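Structure first, commentary second.
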Amino acid sequence: MTAADELWAKLEKMGFDREERPDGFLPQLPADITSLDDRQLMTLYGEYVSWTAYAAMRLVEARTNARAAKQDLDYSTARAALAASTEKTVAGRKAAAAADAQVQADEKRHVDAVSLVDALEMVHKNAEARAQFCSRDLSRRQNSGADTRYQKWGV
């Protein structure tokens with residue numbers, strides 16, 4: 001069980017469910033958002049909100065797993081440095097620890113976990129920004145009472 005699984009087990013006891021992966025892929029914004037009618041825009045907005053919630057949940061999991069990977073790396077590095085008792089200098093112990101196979105495996109796992117966090121932060125921010133963009137256009141339409149280009153000219 002990963003650290004994220006343990007976290008979600010605690011959250012589920014508090015009444016929170018994991019977000020399910022939305023269908024398909026994160027949709028692209030159309031080149032001209034005004035070409036969408038209100039129903040299409042609202043559907044697109046809903047998809048972005050779903051993807052934002054899903055990405056946020058995955059981001060929490062990734063951050064939790066990255067912290068756990070860092071703890072594992074710190075532990076294996078300390079263990080390897082202690083095992084290098086024949087080295088007389090701190091630099092020598094650090095070098096011996098860095099050459100340890102377990103330390104290298106834990107470092108790769110930590111780098112991969114941090115990379116996933118970075119990528120998920122980008123996905124979350126993009127989905128959130130797209131949802132906000134759609135929300136602003138929906139609000140603009142409601143406040144102005146303006147028809148979309150599609151409704152006016154059938155384009």
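Just so we're on the same page: first chain in the structure tokens is A, next is B, and so on; residues restart at 1 for each chain, and ligands are numbered from 1 in the order they show up.
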
_Would you pick out the contacts of range 59-73 of chain A at 8 Å or less, using only C-alpha atoms, so that residues sharing its chain but fewer than 2 positions from it are not included, and give the list as JSON, numbers by chain?_
{"A": [2, 3, 4, 5, 55, 56, 57, 75, 76, 77, 103, 106, 107, 109, 110, 113, 114, 116, 117, 120, 121, 124]}

*asked:* DSSP on the backbone: which residues in range 16-151 of chain A end up as alpha helix (DSSP H)? Give the answer as a count of residues only.
replied: 103

_Give me the residues near range 12-29 of chain A as an MDAnalysis selection string, where near means some atom within 9 Å (using only C-alpha atoms) and where sequence neighbours in that chain fewer than 2 positions away do not count._
chainID A and resid 7:10 31:33 44 47:48 50:51 53:55 57:58 127 130 134

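Put simply, CA of Ala91 in chain A is 13.3 Å away from CA of Ala78 in chain A.
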
*Would you work out the distance separating CA of Ala105 in chain A from CA of Asp118 in chain A, expressed in Å to one decimal?*
20.1 Å

*Distance of CA of Tyr45 in chain A from CA of Ser135 in chain A, expressed in Å to one decimal place*: 6.8 Å

*Tell me which of A:Leu82, A:Met1, A:Val111, A:Leu11 sits closest to Ala95 in chain A, counting only C-alpha atoms.*
A:Leu82

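Counting only C-alpha atoms, the residue from A:Asp38, A:Glu6, A:Pro30, A:Val49 that sits nearest to Ala131 in chain A is A:Val49.
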